[in-house]
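A.B. asks: My questions will all concern the structure given below.
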Amino acid sequence: MKKLFILFAIPIVVNCSSTKILKFSQKQDDIVKTETLKSFLANNKNPKVVLRIPQSTFNVTETENKKAPKENYDYLYNAIENQLLASGFVVRDRQLFNQIIDNDDNNIDYQKLKNTSDTDLIIELTKLDPQILYETNMYYDKNNNEKIDKYRTRKRYGASVEYKIVLINTNEFAGVYRFNYTPCVEGCVISKSVKDQKKEIKLFKKKGITPYVGVERDVLEDFIKDATTRLVNEMRK
């Protein structure tokens with residue numbers, strides 16, 4: 001009878017396990033800009049821009065995990081251009097712009113480039129990293145009391161994106177903007193009841209599990225859209 005009681009009691013204890021919440025502090029953005037850019041945008045409400053993605057800096061943190069699928073980031077570039085359009089910028093075709101540069105045999109005359117491409121600003125995507133690791137052995141209980149886990153640490157992926165701005169007319173470096181996505185700033189529940197865990201497992205089986213390394217695609221896309229909106233706001237300040 002005692003053994004039966006223990007067997008029945010175990011699921012009840014597990015199912016009523018205390019809630020644990022994971023939190024990370026927001027990593028601050030890093031912004032360096034010039035008054036020249038602010039003045040230019042004040043006089044040009046609808047500047048003509050091109051998004052440039054140099055091959056030398058496009059390494060989007062290639063993973064060494066051979067099991068992870070090779071990601072195509074075109075959806076992110078399209079998201080950036082769409083946000084620029086929504087902000088009133090006139091967006092030039094980046095592939096055509098690259099062809100113009102390539103035809104100049106790397107001897108770029110910026111005044112000529114401005115006239116040929118009819119573009120005012122180059123917005124260069126200098127870095128995109130969706131695999132920034134955040135790690136902690138701290139967590140919070142349901143009353144927001146800080147706790148320390150003596151036996152394990154927990155990890156989540158964050159991301160960062162960096163833009164470089166060039167004024168074509170003067171060949172002037174006009175600013176660098178680095179924006180960060182920090183996971184679980186508002187809190188992520190990391191301890192759930194057995195009942196909730198079973199629901200999640202059923203949902204995963206129904207939807208199918210897609211392997212990835214880094215921030216999930218939909219979260220990364222939302223971050224890039226938000227970062228581009230913040231980029232435009234900061235450029236105009």
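Naming scheme: A, B, ... for chains in displayed order of the structure tokens; residues 1 onward per chain; ligands 1 onward as shown.
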Considering only C-alpha atoms, return as a compact mmCIF listing (two decimals) with N, CA and C atoms, in the first residue's frame whatever protein or nucleic-acid residues lie within 7 Å of Ala79 of chain A, sequence-local ones (same chain, fewer than 4 positions apart) excluded.
C.D. replies:
# COMPACT_ATOMS: atom_id res chain seq x y z
N TYR A 75 15.37 36.41 -47.49
CA TYR A 75 14.14 36.92 -46.86
C TYR A 75 14.46 38.07 -45.90
N GLN A 83 11.28 47.61 -45.21
CA GLN A 83 11.20 48.59 -44.12
C GLN A 83 11.73 49.95 -44.57
N LYS A 225 13.47 43.57 -38.99
CA LYS A 225 12.50 44.62 -39.32
C LYS A 225 12.57 45.75 -38.30
A.B. asks: Please run DSSP on the backbone and report, as number ranges by chain, all residues within segment 72-182 of chain A that come out as strand (DSSP E or B).
C.D. replies: A: 90-91, 121-136, 138-140, 146-148, 154-167, 172-181
A.B. asks: Just to confirm, what's the straight-line distance from atom CA of Ile165 of chain A to atom CA of Ile101 of chain A in Å (one decimal)?
C.D. replies: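 It comes out at 16.8 Å.
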A.B. asks: Report as JSON, numbers by chain: the residues of segment 122-237 of chain A with a DSSP assignment of alpha helix (DSSP H), based on the backbone of this structure.
C.D. replies: {"A": [194, 195, 196, 197, 198, 199, 200, 201, 202, 203, 204, 205, 206, 207, 217, 218, 219, 220, 221, 222, 223, 224, 225, 226, 227, 228, 229, 230, 231, 232, 233, 234, 235, 236]}
A.B. asks: Any chance you could export the current selection's N, CA and C atoms as a compact mmCIF listing (two decimals), in the first residue's frame?
C.D. replies:
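Generated output (again.txt):
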# COMPACT_ATOMS: atom_id res chain seq x y z
N VAL A 194 4.20 18.66 -16.13
CA VAL A 194 4.23 17.54 -17.07
C VAL A 194 3.11 17.67 -18.10
N LYS A 195 1.95 18.16 -17.65
CA LYS A 195 0.80 18.33 -18.53
C LYS A 195 1.12 19.31 -19.66
N ASP A 196 1.76 20.44 -19.31
CA ASP A 196 2.13 21.44 -20.31
C ASP A 196 3.20 20.91 -21.25
N GLN A 197 4.14 20.15 -20.70
CA GLN A 197 5.21 19.57 -21.52
C GLN A 197 4.63 18.60 -22.55
N LYS A 198 3.66 17.80 -22.15
CA LYS A 198 3.03 16.84 -23.06
C LYS A 198 2.30 17.57 -24.19
N LYS A 199 1.65 18.69 -23.85
CA LYS A 199 0.97 19.50 -24.88
C LYS A 199 1.96 20.01 -25.91
N GLU A 200 3.11 20.48 -25.44
CA GLU A 200 4.13 21.00 -26.35
C GLU A 200 4.67 19.91 -27.26
N ILE A 201 4.91 18.73 -26.69
CA ILE A 201 5.42 17.61 -27.48
C ILE A 201 4.45 17.24 -28.60
N LYS A 202 3.15 17.20 -28.27
CA LYS A 202 2.14 16.90 -29.28
C LYS A 202 2.12 17.95 -30.38
N LEU A 203 2.28 19.22 -29.98
CA LEU A 203 2.28 20.32 -30.94
C LEU A 203 3.48 20.22 -31.87
N PHE A 204 4.65 19.91 -31.31
CA PHE A 204 5.87 19.77 -32.11
C PHE A 204 5.73 18.63 -33.12
N LYS A 205 5.14 17.52 -32.66
CA LYS A 205 4.96 16.36 -33.55
C LYS A 205 4.01 16.69 -34.68
N LYS A 206 2.99 17.47 -34.36
CA LYS A 206 1.99 17.84 -35.37
C LYS A 206 2.57 18.80 -36.40
N LYS A 207 3.33 19.80 -35.95
CA LYS A 207 3.89 20.81 -36.84
C LYS A 207 5.16 20.33 -37.53
N ARG A 217 13.91 31.51 -37.31
CA ARG A 217 13.71 32.34 -38.49
C ARG A 217 12.71 33.48 -38.27
N ASP A 218 11.54 33.18 -37.71
CA ASP A 218 10.52 34.22 -37.55
C ASP A 218 10.95 35.28 -36.55
N VAL A 219 11.66 34.87 -35.49
CA VAL A 219 12.16 35.83 -34.49
C VAL A 219 13.24 36.71 -35.11
N LEU A 220 14.12 36.09 -35.90
CA LEU A 220 15.20 36.84 -36.56
C LEU A 220 14.63 37.85 -37.54
N GLU A 221 13.60 37.47 -38.28
CA GLU A 221 12.98 38.38 -39.24
C GLU A 221 12.35 39.58 -38.53
N ASP A 222 11.65 39.32 -37.43
CA ASP A 222 11.04 40.42 -36.66
C ASP A 222 12.12 41.35 -36.12
N PHE A 223 13.21 40.77 -35.66
CA PHE A 223 14.32 41.59 -35.14
C PHE A 223 14.91 42.47 -36.23
N ILE A 224 15.12 41.92 -37.43
CA ILE A 224 15.70 42.69 -38.54
C ILE A 224 14.77 43.83 -38.95
N LYS A 225 13.47 43.57 -38.99
CA LYS A 225 12.50 44.62 -39.32
C LYS A 225 12.57 45.75 -38.30
N ASP A 226 12.58 45.37 -37.03
CA ASP A 226 12.63 46.37 -35.96
C ASP A 226 13.95 47.14 -35.99
N ALA A 227 15.06 46.42 -36.23
CA ALA A 227 16.38 47.06 -36.28
C ALA A 227 16.46 48.05 -37.43
N THR A 228 15.85 47.73 -38.57
CA THR A 228 15.88 48.63 -39.72
C THR A 228 15.04 49.88 -39.45
N THR A 229 13.91 49.71 -38.78
CA THR A 229 13.09 50.86 -38.39
C THR A 229 13.86 51.76 -37.44
N ARG A 230 14.55 51.15 -36.47
CA ARG A 230 15.36 51.93 -35.53
C ARG A 230 16.52 52.61 -36.24
N LEU A 231 17.08 51.93 -37.25
CA LEU A 231 18.17 52.52 -38.04
C LEU A 231 17.71 53.82 -38.68
N VAL A 232 16.55 53.80 -39.33
CA VAL A 232 16.04 55.00 -39.99
C VAL A 232 15.78 56.10 -38.98
N ASN A 233 15.18 55.76 -37.85
CA ASN A 233 14.90 56.76 -36.81
C ASN A 233 16.17 57.39 -36.29
N GLU A 234 17.19 56.57 -36.07
CA GLU A 234 18.47 57.09 -35.56
C GLU A 234 19.18 57.94 -36.61
N MET A 235 19.08 57.55 -37.87
CA MET A 235 19.72 58.33 -38.94
C MET A 235 19.12 59.73 -39.03
N ARG A 236 17.83 59.82 -38.75
CA ARG A 236 17.11 61.10 -38.91
C ARG A 236 17.17 61.97 -37.65
A.B. asks: Which residues are near Ile31 of chain A? Cut-off 10 Å, only C-alpha atoms, ignore same chain within fewer than 6 positions. Put them as an MDAnalysis selection string.
C.D. replies: chainID A and resid 162:163 175:179 231 234:235
